[in-house]
>>> print(open('data-v1.pdb').read())   # PDB, C-alpha atoms
ATOM      1  CA  MET A  20      10.935  12.129  -9.924  1.00  0.00           C
ATOM      2  CA  ILE A  21       8.127  11.765  -7.373  1.00  0.00           C
ATOM      3  CA  LEU A  22       5.205  13.996  -8.333  1.00  0.00           C
ATOM      4  CA  GLY A  23       3.051  13.737  -5.217  1.00  0.00           C
ATOM      5  CA  LEU A  24       0.995  11.421  -3.080  1.00  0.00           C
ATOM      6  CA  HIS A  25      -1.758   9.507  -4.875  1.00  0.00           C
ATOM      7  CA  HIS A  26      -3.176   7.417  -2.022  1.00  0.00           C
ATOM      8  CA  THR A  27      -2.432   5.786   1.268  1.00  0.00           C
ATOM      9  CA  GLN A  28      -3.714   2.472   2.540  1.00  0.00           C
ATOM     10  CA  ILE A  29      -4.701   1.287   5.976  1.00  0.00           C
ATOM     11  CA  THR A  30      -6.158  -2.093   6.832  1.00  0.00           C
ATOM     12  CA  ILE A  31      -9.035  -3.535   8.779  1.00  0.00           C
ATOM     13  CA  PRO A  32      -9.713  -7.204   9.609  1.00  0.00           C
ATOM     14  CA  LYS A  33     -11.163  -9.343   6.816  1.00  0.00           C
ATOM     15  CA  HIS A  34     -14.952  -9.365   6.552  1.00  0.00           C
ATOM     16  CA  ARG A  35     -15.302  -6.098   8.537  1.00  0.00           C
ATOM     17  CA  GLU A  36     -16.002  -3.831   5.562  1.00  0.00           C
ATOM     18  CA  LYS A  37     -19.535  -3.082   6.780  1.00  0.00           C
ATOM     19  CA  ASP A  38     -18.142  -1.833  10.121  1.00  0.00           C
ATOM     20  CA  GLY A  39     -15.384   0.038   8.301  1.00  0.00           C
ATOM     21  CA  LYS A  40     -17.860   1.840   6.067  1.00  0.00           C
ATOM     22  CA  ALA A  41     -20.028   2.671   9.086  1.00  0.00           C
ATOM     23  CA  PHE A  42     -17.068   4.422  10.712  1.00  0.00           C
ATOM     24  CA  TYR A  43     -15.246   5.977   7.766  1.00  0.00           C
ATOM     25  CA  CYS A  44     -18.249   6.865   5.595  1.00  0.00           C
ATOM     26  CA  GLY A  45     -20.830   7.279   8.369  1.00  0.00           C
ATOM     27  CA  VAL A  46     -18.975   8.850  11.288  1.00  0.00           C
ATOM     28  CA  LEU A  47     -16.182  10.636   9.401  1.00  0.00           C
ATOM     29  CA  GLY A  48     -18.351  11.365   6.354  1.00  0.00           C
ATOM     30  CA  LEU A  49     -15.772  10.312   3.762  1.00  0.00           C
ATOM     31  CA  PRO A  50     -17.299   9.372   0.401  1.00  0.00           C
ATOM     32  CA  GLU A  51     -16.700   5.896  -0.937  1.00  0.00           C
ATOM     33  CA  ILE A  52     -15.400   5.699  -4.503  1.00  0.00           C
ATOM     34  CA  ASP A  53     -15.504   2.805  -6.942  1.00  0.00           C
ATOM     35  CA  LYS A  54     -12.736   0.288  -6.674  1.00  0.00           C
ATOM     36  CA  PRO A  55     -11.588  -1.241  -9.979  1.00  0.00           C
ATOM     37  CA  ASP A  56     -13.283  -4.558 -10.783  1.00  0.00           C
ATOM     38  CA  SER A  57      -9.864  -6.203 -10.962  1.00  0.00           C
ATOM     39  CA  LEU A  58      -9.320  -5.482  -7.237  1.00  0.00           C
ATOM     40  CA  LYS A  59     -12.800  -6.034  -5.781  1.00  0.00           C
ATOM     41  CA  SER A  60     -12.160  -9.692  -4.941  1.00  0.00           C
ATOM     42  CA  ARG A  61      -9.416  -8.628  -2.534  1.00  0.00           C
ATOM     43  CA  GLY A  62     -11.934  -7.022  -0.156  1.00  0.00           C
ATOM     44  CA  GLY A  63     -11.859  -3.555   1.319  1.00  0.00           C
ATOM     45  CA  PHE A  64     -13.060  -0.279  -0.130  1.00  0.00           C
ATOM     46  CA  TRP A  65     -11.725   3.089  -1.278  1.00  0.00           C
ATOM     47  CA  LEU A  66     -12.445   6.611  -0.042  1.00  0.00           C
ATOM     48  CA  GLN A  67     -11.998  10.066  -1.528  1.00  0.00           C
ATOM     49  CA  VAL A  68     -10.317  12.556   0.824  1.00  0.00           C
ATOM     50  CA  GLY A  69      -9.965  15.938  -0.833  1.00  0.00           C
ATOM     51  CA  ASP A  70      -7.896  15.365  -3.956  1.00  0.00           C
ATOM     52  CA  ARG A  71      -6.357  12.135  -2.599  1.00  0.00           C
ATOM     53  CA  GLN A  72      -7.565   8.642  -1.829  1.00  0.00           C
ATOM     54  CA  VAL A  73      -7.491   6.384   1.203  1.00  0.00           C
ATOM     55  CA  HIS A  74      -7.682   2.695   0.425  1.00  0.00           C
ATOM     56  CA  ILE A  75      -9.084   0.515   3.188  1.00  0.00           C
ATOM     57  CA  GLY A  76      -7.669  -2.961   2.660  1.00  0.00           C
ATOM     58  CA  THR A  77      -8.278  -6.147   4.605  1.00  0.00           C
ATOM     59  CA  GLU A  78      -5.608  -8.048   6.476  1.00  0.00           C
ATOM     60  CA  GLU A  79      -5.479 -10.642   9.254  1.00  0.00           C
ATOM     61  CA  GLY A  80      -2.841 -11.371  11.874  1.00  0.00           C
ATOM     62  CA  PHE A  81      -1.748  -7.773  12.450  1.00  0.00           C
ATOM     63  CA  ASP A  82      -2.049  -5.910  15.762  1.00  0.00           C
ATOM     64  CA  ARG A  83      -2.790  -2.363  14.637  1.00  0.00           C
ATOM     65  CA  THR A  84      -2.668  -1.060  18.235  1.00  0.00           C
ATOM     66  CA  GLN A  85       1.067  -1.691  18.441  1.00  0.00           C
ATOM     67  CA  THR A  86       2.247   0.700  15.740  1.00  0.00           C
ATOM     68  CA  LYS A  87       2.875   4.421  15.509  1.00  0.00           C
ATOM     69  CA  ALA A  88       2.047   4.289  11.804  1.00  0.00           C
ATOM     70  CA  HIS A  89      -0.961   6.501  11.194  1.00  0.00           C
ATOM     71  CA  ILE A  90      -2.951   8.652   8.842  1.00  0.00           C
ATOM     72  CA  ALA A  91      -3.569  12.349   9.559  1.00  0.00           C
ATOM     73  CA  TYR A  92      -6.656  14.139   8.271  1.00  0.00           C
ATOM     74  CA  GLN A  93      -6.343  17.901   7.835  1.00  0.00           C
ATOM     75  CA  VAL A  94      -9.538  19.539   9.106  1.00  0.00           C
ATOM     76  CA  GLU A  95     -11.073  23.021   9.214  1.00  0.00           C
ATOM     77  CA  ASP A  96     -12.677  22.799  12.647  1.00  0.00           C
ATOM     78  CA  ILE A  97     -10.786  20.552  15.037  1.00  0.00           C
ATOM     79  CA  MET A  98     -13.154  21.332  17.909  1.00  0.00           C
ATOM     80  CA  TYR A  99     -16.051  19.987  15.854  1.00  0.00           C
ATOM     81  CA  TRP A 100     -14.202  16.695  15.346  1.00  0.00           C
ATOM     82  CA  ARG A 101     -13.152  16.499  18.978  1.00  0.00           C
ATOM     83  CA  SER A 102     -16.820  16.898  19.961  1.00  0.00           C
ATOM     84  CA  GLU A 103     -18.115  14.448  17.316  1.00  0.00           C
ATOM     85  CA  LEU A 104     -15.644  11.722  18.247  1.00  0.00           C
ATOM     86  CA  LYS A 105     -15.421  12.032  22.049  1.00  0.00           C
ATOM     87  CA  ASP A 106     -18.213   9.513  22.688  1.00  0.00           C
ATOM     88  CA  ILE A 107     -17.108   7.116  19.942  1.00  0.00           C
ATOM     89  CA  VAL A 108     -13.344   6.787  20.448  1.00  0.00           C
ATOM     90  CA  THR A 109     -10.772   7.567  23.123  1.00  0.00           C
ATOM     91  CA  ILE A 110      -9.019  10.821  22.256  1.00  0.00           C
ATOM     92  CA  PHE A 111      -5.304  11.175  22.995  1.00  0.00           C
ATOM     93  CA  GLU A 112      -3.522  14.495  23.174  1.00  0.00           C
ATOM     94  CA  CYS A 113      -0.496  14.858  20.905  1.00  0.00           C
ATOM     95  CA  VAL A 114       2.913  16.309  21.460  1.00  0.00           C
ATOM     96  CA  PRO A 115       2.488  19.953  20.369  1.00  0.00           C
ATOM     97  CA  ILE A 116       3.707  21.022  16.946  1.00  0.00           C
ATOM     98  CA  PRO A 117       4.117  24.787  16.439  1.00  0.00           C
ATOM     99  CA  GLY A 118       1.394  26.196  14.196  1.00  0.00           C
ATOM    100  CA  PHE A 119      -1.024  23.269  14.563  1.00  0.00           C
ATOM    101  CA  ASP A 120      -3.771  21.973  16.821  1.00  0.00           C
ATOM    102  CA  ARG A 121      -4.153  18.211  16.767  1.00  0.00           C
ATOM    103  CA  PHE A 122      -5.302  15.081  18.535  1.00  0.00           C
ATOM    104  CA  GLU A 123      -5.159  11.345  17.925  1.00  0.00           C
ATOM    105  CA  PHE A 124      -7.384   8.333  18.400  1.00  0.00           C
ATOM    106  CA  ARG A 125      -7.561   4.688  17.388  1.00  0.00           C
ATOM    107  CA  ASP A 126     -10.289   3.743  14.931  1.00  0.00           C
ATOM    108  CA  PRO A 127     -12.562   0.781  15.793  1.00  0.00           C
ATOM    109  CA  PHE A 128      -9.938  -1.536  14.277  1.00  0.00           C
ATOM    110  CA  GLY A 129      -6.923  -0.164  16.179  1.00  0.00           C
ATOM    111  CA  ASN A 130      -5.500   2.051  13.421  1.00  0.00           C
ATOM    112  CA  ARG A 131      -3.937   5.252  14.743  1.00  0.00           C
ATOM    113  CA  VAL A 132      -5.629   8.367  13.307  1.00  0.00           C
ATOM    114  CA  GLU A 133      -4.716  12.030  13.725  1.00  0.00           C
ATOM    115  CA  MET A 134      -6.883  15.085  13.182  1.00  0.00           C
ATOM    116  CA  ILE A 135      -4.820  18.207  12.533  1.00  0.00           C
ATOM    117  CA  GLN A 136      -5.696  21.850  11.925  1.00  0.00           C
ATOM    118  CA  GLU A 137      -3.378  24.673  10.983  1.00  0.00           C
ATOM    119  CA  LYS A 138      -3.643  27.574  13.427  1.00  0.00           C
TER     120      LYS A 138
END
>>> encode(input="data-v1.pdb", output="structure tokens")
Amino acid sequence: MILGLHHTQITIPKHREKDGKAFYCGVLGLPEIDKPDSLKSRGGFWLQVGDRQVHIGTEEGFDRTQTKAHIAYQVEDIMYWRSELKDIVTIFECVPIPGFDRFEFRDPFGNRVEMIQEK
């Protein structure tokens, strides 16, 4: 039986953790959490998002701009995020989903990200 979702992982290029933390912790305001010592040598960092985690791993040789795979962050004030991000990333409008407002962008590493708010 599957009980729920514990974490999801996205990747950034190796040796770009400083830039990753600047975007995810600085711009998005997500708190970094301790990564187990047994995994620290693999690079990357972990974030707390509500009661779940996002693991930012490192990986080379992958074109993140060519995939529809993405992470969606549920937000309270989508207009705030649209305003905060408009000068940092290119915002793309999404196909409408009844009951939700949403938009997408690519993070500085090419990962597809969605911001979504229930109406």
>>> closest_atom_pairs(input="data-v1.pdb", of="stretch 29-65 of chain A", to="stretch 103-111 of chain A", cutoff="12 Å", atoms="only C-alpha atoms", output="CSV")
residue,atom,partner,partner_atom,distance
A:Phe42,CA,A:Ile107,CA,9.6
A:Tyr43,CA,A:Leu104,CA,12.0
A:Gly45,CA,A:Glu103,CA,11.8
A:Val46,CA,A:Leu104,CA,8.2
A:Leu47,CA,A:Leu104,CA,8.9
A:Gly48,CA,A:Glu103,CA,11.4
>>> write_last_selection(input="data-v1.pdb", atoms="C-alpha atoms", output="compact mmCIF listing (two decimals), in the coordinates of the input")
# COMPACT_ATOMS: atom_id res chain seq x y z
CA PHE A 42 -17.07 4.42 10.71
CA TYR A 43 -15.25 5.98 7.77
CA GLY A 45 -20.83 7.28 8.37
CA VAL A 46 -18.98 8.85 11.29
CA LEU A 47 -16.18 10.64 9.40
CA GLY A 48 -18.35 11.36 6.35
>>> resolve_selection(input="data-v1.pdb", expression="the PyMOL selection byres ((chain A and resi 31) around 7)", output="PyMOL selection string")
chain A and resi 30+32-33+35+75-78+128
>>> resolve_selection(input="data-v1.pdb", expression="the PyMOL selection byres ((chain A and resi 91) around 9)", output="ChimeraX atom specification")
/A:89-90,92-93,123,131-135
>>> resolve_selection(input="data-v1.pdb", expression="the PyMOL selection byres ((chain A and resi 50) around 8)", output="list in words")
Cys44, Gly48, Leu49, Glu51, Ile52, Leu66, Gln67 and Val68 of chain A
>>> atom_distance(input="data-v1.pdb", atom1="atom CA of A:Val114", atom2="atom CA of A:Glu137")
14.8 Å
